[in-house]
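Colleague: What follows is a single structure, and I will ask about it in a moment.
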Amino acid sequence: MNIDGSWLIHANSGMNWEAHLRLRHVRCFLEIARAESVSEAAKRLHLTQPAVSRTLRELEEMMGARLFDRVGRGLRLNEAGRIFQAHAAASMVELMRARDRLAAGAGRAVRLSVGVLPTAAATLAPRAALAFGAQMPEARLHILTGPNWLLFNQLRDGSLDLVVGRMPEGAAAAGVTFEQLYIEDVALVCRPGHPILSDPRPQARIPDFPLVLPPRGAVIWPTVERYLASLGLPEARGAVETVALPVGRRIVRESDALWFISRGVAADELAWGVLAGVDLASPLLSGPVGISVARAAPLSVARAVFMDCLRAAAPAAPGFPP
């Protein structure tokens with residue numbers, strides 16, 4: 001690296017060795033890749049569109065390859081661009097990690113805001129939070145819970161750095177990238193000793209008991225609705241509708257109600273025997289659980305570290321060990 005903050009590209013690299021790769025080239029490239037638009041990247045970088053176009057052109061000349069393909073009125077990374085993005089993003093994260101360490105040494109705390117949906121709140125998110133605290137003790141982790149629509153709105157407007165939980169669908173998925181960690185099913189839970197547990201065909205007894213169902217806006221509602229329709233209950237309504245663990249747990253433990261809920265929500269209660277799972281003839285596979293990040297989100301060291309902690313915690317999450 002030169003004293004002017006640039007890297008010299010050497011002749012034996014097959015690239016333009018007379019050019020200097022500067023931080024502005026990397027920043028512009030990463031912003032264009034996120035926005036898939038030169039004009040949008042210029043707005044986010046507070047630069048003119050010609051300046052961003054010129055910087056990209058310089059970078060592609062240095063690399064000796066085009067990094068984007070034009071798609072309609074936008075740009076999309078090609079294979080060369082994806083290779084460069086992987087290294088450029090990693091380099092920027094390391095530079096930001098150094099910045100954050102210096103900031104922590106000066107007494108300035110790094111803050112990370114994470115939205116956690118119910119399915120990840122019992123097991124996955126707490127384990128990741130503990131690991132994150134060990135790796136970044138100078139950081140402040142702010143965890144919020146709430147309904148799907150609220151957390152994804154906050155993710156898009158920048159109030160949250162990431163959301164952990166089920167894959168967003170429909171309008172919630174707009175402007176969001178998703179990384180799957182595992183597939184989770186919907187469990188039918190009841191109190192220990194419930195009469196349905198001793199029935200050889202428990203699904204036939206479901207209509208005989210009060211139901212606690214997810215609200216219609218919940219991500220798992222379509223899965224539960226289809227299952228109930230397959231049992232001849234297409235218009236079934238729950239006596240209570242909730243995905244909140246404290247509410248559902250209390251109702252189920254003090255009655256003969258049956259609760260359809262994401263397995264991750266009741267993970268500890270099932271593992272400890274506080275609640276019991278009903279063995280259905282076929283599992284209700286609901287969908288992926290993972291990490292959602294806004295496409296427009298800037299690079300963040302804290303977010304990258306927390307995502308690594310989530311990946312490490314994920315393999316244990318579906319099994320719910322004590």
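Residues are named by chain letter and number: chains run A, B, ... in the order of the structure tokens, numbers start at 1 in each chain, and ligands are numbered from 1 in the order shown.
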May I have a table of the residues of region 200-243 of chain A lying at most 12 Å from region 190-193 of chain A, giving each one's closest pair of atoms and their distance in Å to one decimal, counting only C-alpha atoms, ordered by chain and ascending residue number, as JSON lines?
Modeller:
{"residue": "A:Pro202", "atom": "CA", "partner": "A:Cys190", "partner_atom": "CA", "distance": 11.8}
{"residue": "A:Ile206", "atom": "CA", "partner": "A:Cys190", "partner_atom": "CA", "distance": 11.1}
{"residue": "A:Phe209", "atom": "CA", "partner": "A:Cys190", "partner_atom": "CA", "distance": 10.4}
{"residue": "A:Pro210", "atom": "CA", "partner": "A:Cys190", "partner_atom": "CA", "distance": 10.7}
{"residue": "A:Leu211", "atom": "CA", "partner": "A:Cys190", "partner_atom": "CA", "distance": 10.0}
{"residue": "A:Val212", "atom": "CA", "partner": "A:Cys190", "partner_atom": "CA", "distance": 10.0}
Colleague: Write a file of the selected residues as a compact mmCIF listing (two decimals), in the first residue's frame, keeping N, CA and C atoms.
Modeller:
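Dumped to part08.txt:
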# COMPACT_ATOMS: atom_id res chain seq x y z
N PRO A 202 -53.85 -39.20 16.38
CA PRO A 202 -54.11 -37.92 17.05
C PRO A 202 -54.74 -36.87 16.13
N ILE A 206 -58.12 -33.75 16.66
CA ILE A 206 -57.91 -32.30 16.70
C ILE A 206 -59.22 -31.52 16.79
N PHE A 209 -60.96 -30.53 20.39
CA PHE A 209 -60.38 -29.67 21.42
C PHE A 209 -60.29 -28.22 20.94
N PRO A 210 -60.25 -27.27 21.89
CA PRO A 210 -60.08 -25.87 21.49
C PRO A 210 -58.72 -25.68 20.82
N LEU A 211 -58.67 -24.78 19.86
CA LEU A 211 -57.43 -24.54 19.12
C LEU A 211 -56.90 -23.14 19.41
N VAL A 212 -55.58 -23.07 19.57
CA VAL A 212 -54.87 -21.79 19.62
C VAL A 212 -54.09 -21.72 18.31
Colleague: Please extract the residues of region 25-258 of chain A with a backbone DSSP assignment of alpha helix (DSSP H) and present them as a PyMOL selection string.
Modeller: chain A and resi 25-35+38-45+49-63+79-105+118-121+124-135+148-156+202-205+221-230+245-253
Colleague: For a test of reading the model, state the distance in Å between CA of Ala139 (chain A) and CA of Leu112 (chain A), rounded to one decimal.
Modeller: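 It comes out at 7.3 Å.
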Colleague: If you count only C-alpha atoms, which residues fall within 10 Å of Ala89 (chain A), apart from same-chain ones fewer than 3 positions away, as a list in words?
Modeller: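 Here the answer would be Val26, Arg27, Phe29, Leu30, Phe84, Gln85, Ala86, Met92, Val93, Glu94, Leu95 and Leu299 of chain A.
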Colleague: Determine the nearest neighbour of Arg263 (chain A) from the options A:Leu155, A:Val278, A:Ala239, A:Val110, counting only C-alpha atoms.
Modeller: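 Answer, going by the shortest atom-to-atom distance: A:Val278.
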Colleague: Which parts of region 25-71 of chain A does DSSP call strand (DSSP E) when run on the backbone here, written out as a PyMOL selection string?
Modeller: chain A and resi 68-71
Colleague: List the spatial neighbours of region 43-48 of chain A as a PyMOL selection string - criterion: any atom at most 10 Å away, only C-alpha atoms, same-chain residues fewer than 6 positions off excluded.
Modeller: chain A and resi 27-28+31-32+35+296+298
Colleague: Suppose we keep N, CA and C atoms; can you now write the selection as a PDB file, in the first residue's frame?
Modeller:
ATOM      1  N   ARG A  27     -15.320   1.683  -2.573  1.00  0.00           N
ATOM      2  CA  ARG A  27     -16.581   2.166  -2.015  1.00  0.00           C
ATOM      3  C   ARG A  27     -17.632   2.336  -3.105  1.00  0.00           C
ATOM      4  N   CYS A  28     -17.257   2.932  -4.220  1.00  0.00           N
ATOM      5  CA  CYS A  28     -18.209   3.125  -5.318  1.00  0.00           C
ATOM      6  C   CYS A  28     -18.691   1.777  -5.863  1.00  0.00           C
ATOM      7  N   GLU A  31     -21.135   0.113  -3.456  1.00  0.00           N
ATOM      8  CA  GLU A  31     -22.427   0.806  -3.407  1.00  0.00           C
ATOM      9  C   GLU A  31     -23.233   0.552  -4.675  1.00  0.00           C
ATOM     10  N   ILE A  32     -22.567   0.524  -5.821  1.00  0.00           N
ATOM     11  CA  ILE A  32     -23.267   0.205  -7.069  1.00  0.00           C
ATOM     12  C   ILE A  32     -23.805  -1.215  -7.021  1.00  0.00           C
ATOM     13  N   ALA A  35     -26.914  -1.167  -4.828  1.00  0.00           N
ATOM     14  CA  ALA A  35     -28.040  -0.429  -5.390  1.00  0.00           C
ATOM     15  C   ALA A  35     -28.451  -0.937  -6.767  1.00  0.00           C
ATOM     16  N   ALA A 296     -29.992  -2.156   0.727  1.00  0.00           N
ATOM     17  CA  ALA A 296     -29.323  -0.854   0.768  1.00  0.00           C
ATOM     18  C   ALA A 296     -28.463  -0.660   2.008  1.00  0.00           C
ATOM     19  N   PRO A 298     -25.508  -0.382   4.534  1.00  0.00           N
ATOM     20  CA  PRO A 298     -24.058  -0.225   4.385  1.00  0.00           C
ATOM     21  C   PRO A 298     -23.326  -1.363   5.079  1.00  0.00           C
TER      22      PRO A 298
END
Colleague: For Arg82 (chain A), please output as a list in words all residues within 10 Å (counting only C-alpha atoms; exclusion window: fewer than 5 positions along the same chain).
Modeller: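 The neighbour list is Ala33, Leu67, Phe68, Arg76, Leu77, His87 and Ala88 of chain A.
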Colleague: With C-alpha atoms kept, could you save the residues just selected as an mmCIF file, in the first residue's frame?
Modeller:
data_model
loop_
_atom_site.group_PDB
_atom_site.id
_atom_site.type_symbol
_atom_site.label_atom_id
_atom_site.label_comp_id
_atom_site.auth_asym_id
_atom_site.auth_seq_id
_atom_site.Cartn_x
_atom_site.Cartn_y
_atom_site.Cartn_z
ATOM 1 C CA ALA A 33 -23.446 -3.532 -6.377
ATOM 2 C CA LEU A 67 -17.745 -6.092 -13.516
ATOM 3 C CA PHE A 68 -21.419 -5.451 -14.287
ATOM 4 C CA ARG A 76 -26.135 -6.482 -12.191
ATOM 5 C CA LEU A 77 -22.901 -8.122 -11.089
ATOM 6 C CA HIS A 87 -12.659 -9.705 -1.824
ATOM 7 C CA ALA A 88 -13.618 -6.018 -1.783
#
Colleague: I'd like the interatomic distance between CA of Arg156 (chain A) and CA of Ile291 (chain A), to a tenth of an Å.
Modeller: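 If I compute the distance from CA of Arg156 (chain A) to CA of Ile291 (chain A), I get 13.8 Å.
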Colleague: Within 12 Å of Ala131 (chain A), counting only C-alpha atoms, which residues show up once you throw out same-chain ones fewer than 6 positions away? Write them as a count of residues only, please.
Modeller: 13
Colleague: My list of candidates is A:Pro147, A:Ala122, A:Gln154, A:Val163. Which is closest to Asp268 (chain A) when distances are computed with only C-alpha atoms?
Modeller: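 Nearest candidate to Asp268 (chain A) out of A:Pro147, A:Ala122, A:Gln154, A:Val163: A:Ala122.
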Colleague: Using only C-alpha atoms, which protein or nucleic acid residues come within 10 Å of Gly264 (chain A)? Drop anything in the same chain fewer than 4 positions from it, and give the result as number ranges by chain.
Modeller: A: 118-124, 165, 184-187, 268-270, 289, 317-320
Colleague: Please produce a file of the residues just selected, as a CSV table (one decimal), in the first residue's frame, where the atoms kept are C-alpha atoms.
Modeller:
chain,number,residue,atom,x,y,z
A,118,PRO,CA,-40.7,-15.3,17.6
A,119,THR,CA,-39.3,-18.5,16.0
A,120,ALA,CA,-35.7,-17.3,16.7
A,121,ALA,CA,-36.3,-15.7,20.1
A,122,ALA,CA,-36.1,-18.8,22.3
A,123,THR,CA,-32.9,-20.5,21.1
A,124,LEU,CA,-31.1,-19.1,18.1
A,165,GLY,CA,-36.5,-15.4,11.8
A,184,GLU,CA,-38.2,-25.4,10.6
A,185,ASP,CA,-41.6,-27.1,11.0
A,186,VAL,CA,-44.8,-26.1,12.8
A,187,ALA,CA,-45.5,-28.1,15.9
A,268,ASP,CA,-37.2,-25.0,25.5
A,269,GLU,CA,-40.6,-25.9,26.8
A,270,LEU,CA,-40.7,-29.1,24.6
A,289,VAL,CA,-35.4,-19.6,9.1
A,317,ALA,CA,-31.4,-24.7,16.9
A,318,PRO,CA,-33.8,-27.2,15.3
A,319,GLY,CA,-32.8,-29.9,17.8
A,320,PHE,CA,-33.3,-27.8,20.9
Colleague: Taking only C-alpha atoms into account, which of A:Leu59, A:Val114, A:Ala172, A:Ile220 comes nearest Leu150 (chain A)?
Modeller: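 Checking each candidate against Leu150 (chain A), we get A:Ala172 as the closest.
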